[in-house]
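What follows is one structure encoded as structure tokens, with my remarks underneath.
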Amino acid sequence: MKKLFDIGFSLLLVMGVALGMASCSSDKGEKNFFSVGKNTFLLNGQPFVIKAAEIHYPRIPEPYWEHRILSCKALGMNTICLYVFWNLHEQQPGKFDFTGNNDIARFCRLAQKHGMYVIVRPGPYVCAEWEMGGLPWWLLKKQDVQLRTQDPYYMERVGIFMDEVGRQLADLQITRGGNIIMVQVENEYGSYGIDKPYVSAIRDMVRKAGFTDVPLFQCDWSSNFTNNALDDLLWTVNFGTGANVEEQFRKLKELRPETPLMCSEFWSGWFDHWGRKHETRDAATMVSGIKDMLDRNISFSLYMTHGGTTFGWWGGANNPAYSAMCSSYDYDAPISEAGWTTPKYFQLRDLLKQYLPDSVALPEPPAPFPVIEIPAITDWQVAPLFDNLPEPKLCDDIRPMEMFNQGWGTILYRTVLDEEVSGVLHLDEVHDWAQVFADGKLLGRLDRRHGEFTLPLKSPLKKGTQLDILVEAMGRVNFDKSIHDRKGITDKVEVVSGEKTLELNGWSVYNLPPFYEFVSRKDYQPGKALQAPAYYRATFRLDKTGDTFLDMQTWGKGMVWVNGHAMGRFWEIGPQQTLFMPGCWLKEGENEIIVLDLKGPSEAKVEGVRKPILDMLREKAPETHRKDGQNLNLSAETPVCGGSFKQGNGWQEVVFDTPVRGRYFCLSALSNYDGTNIAAVAELDVLGLDGKPVSREHWKICYADSEETRSGNRTADKVFDLQESTFWQTVDNTAYPHQVVIDLGKEYQVTGFRMLPRAEAGAPGLIKDYKIYVKASDFKY
């Protein structure tokens, strides 16, 4: 049997592990305690290694909660880690819902029933690839709100929410007969800003809510955890599969040599974006990282152990560049979206078995739920969207969706032109996907993912033309400053013709929310598929129920509801082509399905299949940032800086001798340390006149000589996606030099830059020699 501590500590180890595997005795009302000891956590005074499974209650149908908890226990975990999703529980100000699938207290009690402890992460911000990072959309109705700051209105609402969380969960702390052993304060705040007074205020709110009996902790990345670290909180670190464990904890061990170490998010996989390849991570690498931590007595939470499904409209988005998340949150986790145990699951289970006392055996995983097929549904009733509009709201100027008291869904802006117009239609800005119609005829589509905010008018639009702009809100950005992400059209609509600009006014606005109560009350009539926005309704009968996957390959773009449940989004571009349909939401006998297709299907057909399709990408846009035959020409350019990066992991900063004014930044890599053709960069910052990183909000990749897209999503935009575990990597058969050119969005006085290599040991692909170029105009190709 492998030992987690040295031999002199083996007896305490056995006692601690046994405590971790036994049922929580507190389910009988007995009071226990959990604390921070010297280099270890203590459960009732005995050493305890946290092996936590991150799973999210809203991403699992409530009837399946127990199944997923048992799957985590059988994997070898002793704890469940979970977020509390503010915007799910308070969808309108002051109206809280902790019932049904939102009953988080019941979820915690189910974990306790099966001997699992719980770590609660109440935010208020959670990220989680969730709409607006868990913050409620209605905060954005206040024009000047500053989220995740000490903005008085924001903090007032956070306090109300946190008190509600306390009412639900505070009495479930382990000292009060429950199973909650730790509570988190905020979430990865170092990646957002530096504001210790704000983090301190959130800590005080968590305590005021009643979480006073268990350790409070804050999590961040190893590169930024000191930015907001509070002396009276436990510090934990987040990092992903393949990271250099020793390096990730190096600084923490220097600052707190006797603290227990914990990776509070060890990323088992990654999340999928619409229009990008399906993400996977190697199982053996994940298992190796967990073994490394256990051998060092480091606790961990596996994010995600089971990802599940982001049902309905709750998926978030990244920015820059804007990219919305798929409905599947499979995450390439050990437990699949449908709750199936995977090869990755059993590789990890085999490892965790080795860290148990000889007298303790893991239970067998619960059997998966039955899977069924559903014959093709082809008999539809149709309700054209433009024939089924609600009453309009009138306004002179364009306003975003939130100002019309709408949180999610689609919004229609309509005006009648009072003069003939020609030139270019400019929508400032579209959030997130728009279709423009003139007297019912489609003029074109604009996609925020590609920065498309202008539409050339092929011919003049006559006076009296009805102009319709139908905008679908995809997920609100869930990371960094872009969480202030209002939807619809955020500023104005104008027509630009030469030097003349005409702003359009006099709008009728139609709210089209994504609620079943709204979509079900349409005038559905028998009809054929339309190449226009429309709702489709059908019924189908089942002799027996079971899990299935709704195949949406023939449809365009929209959402699905089954028996009143919002199942999620579909989009023909992929990579996700199926929607997980839990059998617990189906019925023997008659079932109802409604589809909103904003584009129109090639064939109106839905069938239930036995396996998901999560990796079929049909996006026509180029995968890389280099056009055929394009080559960067630096022969006439003068570098502003050159040198060699140091070996090793972690950020490296370079300061220029004198500031250089420019908009286009080029990193030219000349060689690397490992003797291969590969260059890799996880993150880049460009420093402004104040020596701080400039905003990356509007950065774009102009050129990259090489990008690896065969084995993963390693395109050059990963250098500014704000995710330290993703990276740009060149292909292995393309020789040095390697270059990437970034459009910073506007001119800056550039004083230097920062570069982060890959997080793995040895920093694979680490650039050695380099040159930097900065120009006001783009480079020649």
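Following the order of the structure tokens, first chain is A, next is B, and so on, with residues numbered from 1 inside each chain and ligands from 1 in the order they appear.
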
(Q) Give me, as a list in words, all polymer residues having an atom no more than 8 Å from Met205 of chain A, counting only C-alpha atoms and skipping those fewer than 3 positions away in the same chain. (A) Gly159, Met162, Asp163, Ala201, Ile202, Lys208 and Ala209 of chain A

Q: Per DSSP on the backbone, filter segment 562-750 of chain A down to the residues in strand (DSSP E) and report them as a ChimeraX atom specification.
A: /A:562,565-571,578-581,589-597,606-609,641-644,652-669,680-681,683-687,700-704,728-729,738-750

Residues of segment 112-234 of chain A in helix (DSSP H, G or I), written as a short mmCIF file (atom, residue, chain, number, x, y, z; two decimals) with all heavy atoms, in the first residue's frame:
data_model
loop_
_atom_site.label_atom_id
_atom_site.label_comp_id
_atom_site.auth_asym_id
_atom_site.auth_seq_id
_atom_site.Cartn_x
_atom_site.Cartn_y
_atom_site.Cartn_z
N GLN A 112 -24.33 14.06 2.09
CA GLN A 112 -24.09 13.59 3.44
C GLN A 112 -24.65 12.18 3.65
O GLN A 112 -24.04 11.35 4.32
CB GLN A 112 -24.72 14.56 4.44
CG GLN A 112 -24.43 14.19 5.89
CD GLN A 112 -24.94 15.24 6.85
OE1 GLN A 112 -25.74 16.09 6.50
NE2 GLN A 112 -24.46 15.20 8.08
N LYS A 113 -25.81 11.92 3.07
CA LYS A 113 -26.42 10.59 3.17
C LYS A 113 -25.45 9.52 2.70
O LYS A 113 -25.46 8.38 3.23
CB LYS A 113 -27.69 10.57 2.33
CG LYS A 113 -28.34 9.20 2.18
CD LYS A 113 -29.54 9.29 1.23
CE LYS A 113 -30.10 7.91 0.93
NZ LYS A 113 -31.24 7.99 -0.05
N GLU A 131 -23.47 31.74 -17.58
CA GLU A 131 -23.96 33.07 -17.92
C GLU A 131 -23.51 34.13 -16.91
O GLU A 131 -23.80 34.05 -15.71
CB GLU A 131 -25.49 33.00 -18.00
CG GLU A 131 -26.25 34.28 -17.79
CD GLU A 131 -26.37 35.14 -19.02
OE1 GLU A 131 -26.06 34.68 -20.13
OE2 GLU A 131 -26.79 36.29 -18.87
N MET A 132 -22.72 35.11 -17.39
CA MET A 132 -22.25 36.26 -16.61
C MET A 132 -21.51 35.84 -15.34
O MET A 132 -21.46 36.58 -14.37
CB MET A 132 -23.44 37.18 -16.27
CG MET A 132 -23.05 38.63 -15.99
SD MET A 132 -24.54 39.66 -15.94
CE MET A 132 -23.97 40.98 -14.87
N GLY A 133 -20.94 34.63 -15.37
CA GLY A 133 -20.18 34.16 -14.22
C GLY A 133 -21.02 34.01 -12.98
O GLY A 133 -20.50 34.03 -11.86
N GLY A 134 -22.35 33.83 -13.16
CA GLY A 134 -23.24 33.65 -12.03
C GLY A 134 -23.87 34.94 -11.52
O GLY A 134 -24.76 34.90 -10.66
N TRP A 137 -28.30 39.17 -14.47
CA TRP A 137 -28.34 40.11 -15.59
C TRP A 137 -28.90 41.47 -15.17
O TRP A 137 -28.51 42.51 -15.71
CB TRP A 137 -29.20 39.53 -16.72
CG TRP A 137 -30.67 39.44 -16.37
CD1 TRP A 137 -31.30 38.41 -15.78
CD2 TRP A 137 -31.65 40.45 -16.56
NE1 TRP A 137 -32.63 38.69 -15.58
CE2 TRP A 137 -32.88 39.95 -16.06
CE3 TRP A 137 -31.64 41.73 -17.11
CZ2 TRP A 137 -34.06 40.66 -16.09
CZ3 TRP A 137 -32.82 42.47 -17.15
CH2 TRP A 137 -34.03 41.94 -16.64
N TRP A 138 -29.84 41.47 -14.22
CA TRP A 138 -30.54 42.72 -13.87
C TRP A 138 -29.63 43.73 -13.19
O TRP A 138 -30.00 44.91 -13.07
CB TRP A 138 -31.79 42.43 -13.04
CG TRP A 138 -31.65 41.43 -11.95
CD1 TRP A 138 -32.02 40.11 -11.98
CD2 TRP A 138 -31.13 41.66 -10.63
NE1 TRP A 138 -31.76 39.50 -10.78
CE2 TRP A 138 -31.22 40.43 -9.93
CE3 TRP A 138 -30.61 42.78 -9.97
CZ2 TRP A 138 -30.79 40.28 -8.62
CZ3 TRP A 138 -30.17 42.64 -8.65
CH2 TRP A 138 -30.27 41.41 -8.01
N LEU A 139 -28.46 43.31 -12.75
CA LEU A 139 -27.50 44.29 -12.25
C LEU A 139 -27.13 45.30 -13.34
O LEU A 139 -26.82 46.46 -13.06
CB LEU A 139 -26.24 43.59 -11.74
CG LEU A 139 -26.38 42.71 -10.49
CD1 LEU A 139 -25.10 41.93 -10.26
CD2 LEU A 139 -26.73 43.55 -9.26
N LEU A 140 -27.17 44.85 -14.59
CA LEU A 140 -26.77 45.69 -15.72
C LEU A 140 -27.83 46.71 -16.10
O LEU A 140 -27.59 47.56 -16.97
CB LEU A 140 -26.44 44.81 -16.94
CG LEU A 140 -25.27 43.84 -16.75
CD1 LEU A 140 -25.12 42.95 -17.98
CD2 LEU A 140 -23.98 44.59 -16.45
N LYS A 141 -29.00 46.65 -15.47
CA LYS A 141 -30.01 47.69 -15.70
C LYS A 141 -29.55 49.03 -15.13
O LYS A 141 -30.01 50.08 -15.55
CB LYS A 141 -31.35 47.27 -15.09
CG LYS A 141 -31.99 46.08 -15.79
CD LYS A 141 -33.18 45.55 -15.03
CE LYS A 141 -34.32 46.53 -14.99
NZ LYS A 141 -35.53 45.95 -14.34
N PRO A 152 -21.72 50.60 -4.30
CA PRO A 152 -22.73 50.44 -3.23
C PRO A 152 -23.92 49.57 -3.64
O PRO A 152 -24.37 48.73 -2.85
CB PRO A 152 -23.15 51.88 -2.94
CG PRO A 152 -21.98 52.71 -3.35
CD PRO A 152 -21.39 52.02 -4.53
N TYR A 153 -24.44 49.79 -4.85
CA TYR A 153 -25.60 49.00 -5.27
C TYR A 153 -25.23 47.53 -5.41
O TYR A 153 -25.95 46.63 -4.93
CB TYR A 153 -26.13 49.52 -6.60
CG TYR A 153 -27.21 48.66 -7.20
CD1 TYR A 153 -28.46 48.53 -6.61
CD2 TYR A 153 -26.98 47.96 -8.38
CE1 TYR A 153 -29.46 47.73 -7.16
CE2 TYR A 153 -27.96 47.15 -8.95
CZ TYR A 153 -29.19 47.05 -8.34
OH TYR A 153 -30.16 46.24 -8.88
N TYR A 154 -24.11 47.27 -6.04
CA TYR A 154 -23.66 45.89 -6.21
C TYR A 154 -23.48 45.22 -4.86
O TYR A 154 -23.95 44.10 -4.62
CB TYR A 154 -22.35 45.86 -7.01
CG TYR A 154 -21.70 44.50 -7.08
CD1 TYR A 154 -22.21 43.51 -7.90
CD2 TYR A 154 -20.56 44.22 -6.33
CE1 TYR A 154 -21.62 42.25 -7.97
CE2 TYR A 154 -19.95 42.97 -6.40
CZ TYR A 154 -20.49 41.99 -7.21
OH TYR A 154 -19.90 40.76 -7.26
N MET A 155 -22.81 45.89 -3.93
CA MET A 155 -22.54 45.28 -2.63
C MET A 155 -23.82 45.07 -1.83
O MET A 155 -23.96 44.09 -1.09
CB MET A 155 -21.54 46.13 -1.84
CG MET A 155 -20.15 46.17 -2.46
SD MET A 155 -19.37 44.52 -2.57
CE MET A 155 -18.87 44.27 -0.87
N GLU A 156 -24.76 45.98 -1.98
CA GLU A 156 -26.04 45.80 -1.30
C GLU A 156 -26.72 44.51 -1.76
O GLU A 156 -27.22 43.72 -0.96
CB GLU A 156 -26.96 47.00 -1.58
CG GLU A 156 -28.36 46.84 -1.01
CD GLU A 156 -29.33 47.90 -1.52
OE1 GLU A 156 -28.94 48.68 -2.43
OE2 GLU A 156 -30.47 47.94 -1.04
N ARG A 157 -26.72 44.30 -3.09
CA ARG A 157 -27.37 43.11 -3.62
C ARG A 157 -26.60 41.84 -3.25
O ARG A 157 -27.20 40.79 -3.00
CB ARG A 157 -27.51 43.22 -5.14
CG ARG A 157 -28.35 44.37 -5.65
CD ARG A 157 -29.70 44.53 -4.99
NE ARG A 157 -30.47 43.29 -4.92
CZ ARG A 157 -31.73 43.22 -4.52
NH1 ARG A 157 -32.35 44.32 -4.14
NH2 ARG A 157 -32.37 42.06 -4.48
N VAL A 158 -25.26 41.91 -3.23
CA VAL A 158 -24.47 40.75 -2.82
C VAL A 158 -24.81 40.36 -1.39
O VAL A 158 -24.98 39.18 -1.07
CB VAL A 158 -22.96 41.03 -2.95
CG1 VAL A 158 -22.15 39.90 -2.33
CG2 VAL A 158 -22.57 41.21 -4.41
N GLY A 159 -24.94 41.35 -0.52
CA GLY A 159 -25.27 41.07 0.87
C GLY A 159 -26.60 40.37 1.02
O GLY A 159 -26.74 39.43 1.83
N ILE A 160 -27.59 40.81 0.25
CA ILE A 160 -28.91 40.18 0.31
C ILE A 160 -28.81 38.73 -0.15
O ILE A 160 -29.38 37.81 0.48
CB ILE A 160 -29.91 40.96 -0.56
CG1 ILE A 160 -30.14 42.36 0.03
CG2 ILE A 160 -31.24 40.21 -0.69
CD1 ILE A 160 -30.93 43.29 -0.87
N PHE A 161 -28.11 38.50 -1.25
CA PHE A 161 -27.94 37.14 -1.77
C PHE A 161 -27.20 36.25 -0.77
O PHE A 161 -27.62 35.12 -0.49
CB PHE A 161 -27.20 37.18 -3.10
CG PHE A 161 -26.57 35.87 -3.49
CD1 PHE A 161 -27.35 34.80 -3.86
CD2 PHE A 161 -25.19 35.72 -3.48
CE1 PHE A 161 -26.78 33.58 -4.23
CE2 PHE A 161 -24.61 34.52 -3.84
CZ PHE A 161 -25.40 33.45 -4.21
N MET A 162 -26.09 36.76 -0.22
CA MET A 162 -25.29 35.93 0.66
C MET A 162 -26.07 35.54 1.90
O MET A 162 -25.94 34.41 2.41
CB MET A 162 -24.00 36.66 1.03
CG MET A 162 -22.86 35.74 1.45
SD MET A 162 -22.30 34.61 0.13
CE MET A 162 -21.47 35.76 -0.97
N ASP A 163 -26.89 36.46 2.41
CA ASP A 163 -27.73 36.12 3.56
C ASP A 163 -28.70 34.99 3.22
O ASP A 163 -28.98 34.12 4.06
CB ASP A 163 -28.49 37.35 4.04
CG ASP A 163 -27.61 38.36 4.77
OD1 ASP A 163 -26.47 37.99 5.13
OD2 ASP A 163 -28.04 39.51 4.96
N GLU A 164 -29.23 35.00 2.00
CA GLU A 164 -30.13 33.92 1.57
C GLU A 164 -29.39 32.59 1.50
O GLU A 164 -29.92 31.54 1.90
CB GLU A 164 -30.75 34.25 0.22
CG GLU A 164 -31.79 35.35 0.25
CD GLU A 164 -33.06 34.94 0.98
OE1 GLU A 164 -33.37 33.73 1.02
OE2 GLU A 164 -33.74 35.82 1.53
N VAL A 165 -28.15 32.63 1.00
CA VAL A 165 -27.35 31.40 0.97
C VAL A 165 -27.13 30.89 2.38
O VAL A 165 -27.23 29.68 2.66
CB VAL A 165 -26.01 31.65 0.25
CG1 VAL A 165 -25.13 30.40 0.33
CG2 VAL A 165 -26.25 32.04 -1.21
N GLY A 166 -26.85 31.80 3.30
CA GLY A 166 -26.66 31.39 4.69
C GLY A 166 -27.90 30.75 5.28
O GLY A 166 -27.81 29.76 6.03
N ARG A 167 -29.05 31.30 4.95
CA ARG A 167 -30.30 30.71 5.46
C ARG A 167 -30.47 29.28 4.95
O ARG A 167 -31.04 28.42 5.64
CB ARG A 167 -31.49 31.58 5.05
CG ARG A 167 -31.75 32.73 6.01
CD ARG A 167 -33.04 33.45 5.69
NE ARG A 167 -32.83 34.50 4.71
CZ ARG A 167 -32.45 35.74 5.01
NH1 ARG A 167 -32.24 36.08 6.27
NH2 ARG A 167 -32.29 36.64 4.07
N GLN A 168 -30.00 29.01 3.74
CA GLN A 168 -30.12 27.68 3.17
C GLN A 168 -29.08 26.71 3.72
O GLN A 168 -29.38 25.52 3.95
CB GLN A 168 -29.98 27.75 1.64
CG GLN A 168 -31.07 28.55 0.94
CD GLN A 168 -32.42 27.89 1.04
OE1 GLN A 168 -32.54 26.67 0.92
NE2 GLN A 168 -33.46 28.69 1.26
N LEU A 169 -27.84 27.19 3.92
CA LEU A 169 -26.73 26.26 4.11
C LEU A 169 -25.96 26.38 5.41
O LEU A 169 -25.22 25.45 5.78
CB LEU A 169 -25.74 26.41 2.94
CG LEU A 169 -26.27 26.10 1.54
CD1 LEU A 169 -25.15 26.30 0.52
CD2 LEU A 169 -26.83 24.69 1.46
N ALA A 170 -26.06 27.49 6.13
CA ALA A 170 -25.19 27.69 7.29
C ALA A 170 -25.37 26.59 8.32
O ALA A 170 -24.41 26.15 8.97
CB ALA A 170 -25.44 29.06 7.91
N ASP A 171 -26.59 26.11 8.50
CA ASP A 171 -26.83 25.07 9.51
C ASP A 171 -26.35 23.69 9.05
O ASP A 171 -26.47 22.72 9.81
CB ASP A 171 -28.32 25.01 9.86
CG ASP A 171 -28.72 26.15 10.78
OD1 ASP A 171 -27.83 26.76 11.39
OD2 ASP A 171 -29.93 26.45 10.87
N LEU A 172 -25.82 23.60 7.83
CA LEU A 172 -25.28 22.34 7.34
C LEU A 172 -23.76 22.27 7.53
O LEU A 172 -23.11 21.35 7.02
CB LEU A 172 -25.64 22.13 5.87
CG LEU A 172 -27.13 21.99 5.56
CD1 LEU A 172 -27.35 21.76 4.07
CD2 LEU A 172 -27.75 20.84 6.36
N ILE A 174 -20.35 21.40 9.37
CA ILE A 174 -20.05 20.14 10.04
C ILE A 174 -20.20 20.23 11.56
O ILE A 174 -20.58 19.27 12.23
CB ILE A 174 -18.64 19.65 9.65
CG1 ILE A 174 -18.41 18.22 10.13
CG2 ILE A 174 -17.57 20.60 10.15
CD1 ILE A 174 -17.15 17.59 9.55
N THR A 175 -19.96 21.42 12.11
CA THR A 175 -20.09 21.60 13.55
C THR A 175 -21.55 21.61 14.01
O THR A 175 -21.82 21.54 15.21
CB THR A 175 -19.45 22.94 13.96
OG1 THR A 175 -20.05 23.98 13.18
CG2 THR A 175 -17.96 22.91 13.74
N ARG A 176 -22.47 21.73 13.06
CA ARG A 176 -23.89 21.81 13.41
C ARG A 176 -24.64 20.55 12.95
O ARG A 176 -25.86 20.57 12.81
CB ARG A 176 -24.51 23.06 12.79
CG ARG A 176 -23.78 24.35 13.13
CD ARG A 176 -24.44 25.57 12.53
NE ARG A 176 -23.57 26.74 12.60
CZ ARG A 176 -23.90 27.97 12.16
NH1 ARG A 176 -25.10 28.18 11.67
NH2 ARG A 176 -23.04 28.97 12.24
N TYR A 189 -10.22 36.03 -7.85
CA TYR A 189 -10.30 37.49 -8.01
C TYR A 189 -9.01 38.08 -8.55
O TYR A 189 -9.02 39.15 -9.18
CB TYR A 189 -10.67 38.16 -6.68
CG TYR A 189 -11.07 39.60 -6.88
CD1 TYR A 189 -12.32 39.92 -7.38
CD2 TYR A 189 -10.19 40.64 -6.61
CE1 TYR A 189 -12.70 41.23 -7.60
CE2 TYR A 189 -10.55 41.96 -6.82
CZ TYR A 189 -11.80 42.25 -7.31
OH TYR A 189 -12.18 43.56 -7.55
N GLY A 190 -7.88 37.40 -8.33
CA GLY A 190 -6.62 37.91 -8.86
C GLY A 190 -6.60 38.02 -10.36
O GLY A 190 -5.80 38.78 -10.93
N SER A 191 -7.47 37.28 -11.04
CA SER A 191 -7.56 37.37 -12.49
C SER A 191 -8.46 38.50 -12.94
O SER A 191 -8.62 38.73 -14.15
CB SER A 191 -8.09 36.05 -13.07
OG SER A 191 -7.26 34.98 -12.70
N LYS A 196 -8.03 44.37 -2.26
CA LYS A 196 -8.18 43.64 -1.00
C LYS A 196 -9.36 44.13 -0.16
O LYS A 196 -10.02 43.31 0.49
CB LYS A 196 -6.88 43.71 -0.20
CG LYS A 196 -5.78 42.80 -0.70
CD LYS A 196 -4.62 42.75 0.29
CE LYS A 196 -3.54 41.77 -0.18
NZ LYS A 196 -2.44 41.68 0.79
N PRO A 197 -9.65 45.43 -0.14
CA PRO A 197 -10.83 45.86 0.62
C PRO A 197 -12.12 45.22 0.12
O PRO A 197 -12.99 44.87 0.92
CB PRO A 197 -10.84 47.37 0.43
CG PRO A 197 -9.40 47.72 0.22
CD PRO A 197 -8.84 46.58 -0.58
N TYR A 198 -12.24 45.03 -1.20
CA TYR A 198 -13.43 44.37 -1.74
C TYR A 198 -13.47 42.91 -1.30
O TYR A 198 -14.51 42.42 -0.82
CB TYR A 198 -13.44 44.45 -3.27
CG TYR A 198 -14.41 43.48 -3.90
CD1 TYR A 198 -15.78 43.71 -3.85
CD2 TYR A 198 -13.96 42.33 -4.54
CE1 TYR A 198 -16.68 42.81 -4.42
CE2 TYR A 198 -14.85 41.42 -5.11
CZ TYR A 198 -16.20 41.67 -5.04
OH TYR A 198 -17.09 40.78 -5.60
N VAL A 199 -12.35 42.20 -1.46
CA VAL A 199 -12.33 40.79 -1.05
C VAL A 199 -12.60 40.68 0.45
O VAL A 199 -13.32 39.77 0.90
CB VAL A 199 -10.98 40.15 -1.43
CG1 VAL A 199 -10.94 38.69 -0.97
CG2 VAL A 199 -10.76 40.23 -2.94
N SER A 200 -12.08 41.60 1.23
CA SER A 200 -12.33 41.59 2.67
C SER A 200 -13.82 41.79 2.97
O SER A 200 -14.37 41.15 3.87
CB SER A 200 -11.52 42.70 3.36
OG SER A 200 -10.14 42.52 3.16
N ALA A 201 -14.47 42.66 2.20
CA ALA A 201 -15.90 42.91 2.40
C ALA A 201 -16.72 41.67 2.07
O ALA A 201 -17.70 41.35 2.77
CB ALA A 201 -16.35 44.09 1.56
N ILE A 202 -16.33 40.94 1.02
CA ILE A 202 -17.03 39.70 0.69
C ILE A 202 -16.82 38.67 1.80
O ILE A 202 -17.76 37.97 2.21
CB ILE A 202 -16.56 39.15 -0.67
CG1 ILE A 202 -16.87 40.14 -1.79
CG2 ILE A 202 -17.21 37.80 -0.95
CD1 ILE A 202 -18.34 40.42 -2.00
N ARG A 203 -15.60 38.58 2.31
CA ARG A 203 -15.33 37.67 3.44
C ARG A 203 -16.25 37.98 4.61
O ARG A 203 -16.84 37.09 5.22
CB ARG A 203 -13.87 37.82 3.86
CG ARG A 203 -13.49 37.05 5.12
CD ARG A 203 -12.29 37.69 5.79
NE ARG A 203 -12.57 39.08 6.16
CZ ARG A 203 -11.63 40.00 6.39
NH1 ARG A 203 -10.36 39.69 6.26
NH2 ARG A 203 -11.97 41.25 6.71
N ASP A 204 -16.40 39.27 4.92
CA ASP A 204 -17.26 39.66 6.04
C ASP A 204 -18.71 39.29 5.78
O ASP A 204 -19.44 38.91 6.71
CB ASP A 204 -17.13 41.15 6.30
CG ASP A 204 -15.73 41.55 6.78
OD1 ASP A 204 -14.96 40.64 7.18
OD2 ASP A 204 -15.41 42.75 6.71
N MET A 205 -19.15 39.40 4.53
CA MET A 205 -20.52 39.02 4.19
C MET A 205 -20.73 37.51 4.36
O MET A 205 -21.79 37.07 4.81
CB MET A 205 -20.85 39.44 2.76
CG MET A 205 -21.05 40.92 2.56
SD MET A 205 -21.46 41.31 0.84
CE MET A 205 -21.75 43.08 0.95
N VAL A 206 -19.72 36.74 3.97
CA VAL A 206 -19.83 35.29 4.12
C VAL A 206 -19.96 34.93 5.60
O VAL A 206 -20.78 34.09 5.99
CB VAL A 206 -18.60 34.60 3.48
CG1 VAL A 206 -18.58 33.11 3.80
CG2 VAL A 206 -18.61 34.81 1.97
N ARG A 207 -19.17 35.57 6.43
CA ARG A 207 -19.26 35.32 7.87
C ARG A 207 -20.60 35.78 8.43
O ARG A 207 -21.24 35.09 9.23
CB ARG A 207 -18.11 36.02 8.59
CG ARG A 207 -16.76 35.33 8.37
CD ARG A 207 -15.65 36.11 9.03
NE ARG A 207 -14.36 35.41 8.90
CZ ARG A 207 -13.18 36.00 9.00
NH1 ARG A 207 -13.10 37.31 9.23
NH2 ARG A 207 -12.07 35.30 8.87
N LYS A 208 -21.04 36.97 8.01
CA LYS A 208 -22.32 37.49 8.49
C LYS A 208 -23.47 36.56 8.11
O LYS A 208 -24.46 36.44 8.85
CB LYS A 208 -22.56 38.88 7.90
CG LYS A 208 -23.90 39.51 8.28
CD LYS A 208 -24.02 40.90 7.69
CE LYS A 208 -25.39 41.49 7.95
NZ LYS A 208 -26.45 40.76 7.22
N PHE A 225 -2.02 34.86 -6.93
CA PHE A 225 -2.76 34.66 -5.68
C PHE A 225 -2.39 35.68 -4.60
O PHE A 225 -3.17 35.98 -3.70
CB PHE A 225 -2.60 33.23 -5.15
CG PHE A 225 -1.28 32.94 -4.49
CD1 PHE A 225 -1.13 33.09 -3.12
CD2 PHE A 225 -0.20 32.52 -5.24
CE1 PHE A 225 0.08 32.81 -2.50
CE2 PHE A 225 1.02 32.24 -4.63
CZ PHE A 225 1.16 32.39 -3.26
N THR A 226 -1.19 36.25 -4.69
CA THR A 226 -0.80 37.22 -3.67
C THR A 226 -1.45 38.59 -3.86
O THR A 226 -1.42 39.42 -2.95
CB THR A 226 0.73 37.40 -3.66
OG1 THR A 226 1.16 37.81 -4.96
CG2 THR A 226 1.42 36.09 -3.29
N ASN A 227 -2.04 38.82 -5.03
CA ASN A 227 -2.62 40.14 -5.31
C ASN A 227 -3.68 40.54 -4.29
O ASN A 227 -3.82 41.72 -3.95
CB ASN A 227 -3.24 40.17 -6.71
CG ASN A 227 -2.21 40.14 -7.81
OD1 ASN A 227 -1.02 40.28 -7.55
ND2 ASN A 227 -2.65 39.97 -9.04
#

Segment 670-723 of chain A near segment 479-486 of chain A within 12 Å: what's each residue's closest atom pair and its distance in Å to one decimal, counting only C-alpha atoms, ordered by chain then ascending residue number, as CSV?
residue,atom,partner,partner_atom,distance
A:Ser695,CA,A:Lys481,CA,9.5
A:Arg696,CA,A:Lys481,CA,10.1
A:Glu697,CA,A:Ser482,CA,7.6
A:His698,CA,A:Ser482,CA,10.7
A:Phe720,CA,A:Asp480,CA,11.7
A:Asp721,CA,A:Phe479,CA,9.8
A:Leu722,CA,A:Asp480,CA,7.9
A:Gln723,CA,A:Phe479,CA,9.6

Residue selection dump (N, CA and C atoms) as a compact mmCIF listing (two decimals), in the first residue's frame:
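The new file selection.txt reads:
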# COMPACT_ATOMS: atom_id res chain seq x y z
N SER A 695 -5.38 46.99 -21.87
CA SER A 695 -6.57 46.16 -22.05
C SER A 695 -6.42 45.26 -23.27
N ARG A 696 -6.86 44.01 -23.11
CA ARG A 696 -6.84 43.06 -24.23
C ARG A 696 -8.22 42.90 -24.85
N GLU A 697 -9.16 43.77 -24.46
CA GLU A 697 -10.55 43.66 -24.86
C GLU A 697 -10.73 43.60 -26.38
N HIS A 698 -9.95 44.40 -27.12
CA HIS A 698 -10.16 44.49 -28.56
C HIS A 698 -8.96 43.97 -29.37
N PHE A 720 -4.05 35.62 -25.64
CA PHE A 720 -4.76 36.68 -24.91
C PHE A 720 -6.18 36.25 -24.51
N ASP A 721 -6.39 34.95 -24.32
CA ASP A 721 -7.73 34.49 -23.93
C ASP A 721 -7.92 34.48 -22.42
N LEU A 722 -6.92 34.98 -21.67
CA LEU A 722 -7.00 35.13 -20.22
C LEU A 722 -7.00 33.79 -19.49
N GLN A 723 -6.65 32.71 -20.17
CA GLN A 723 -6.63 31.38 -19.58
C GLN A 723 -5.19 30.86 -19.61
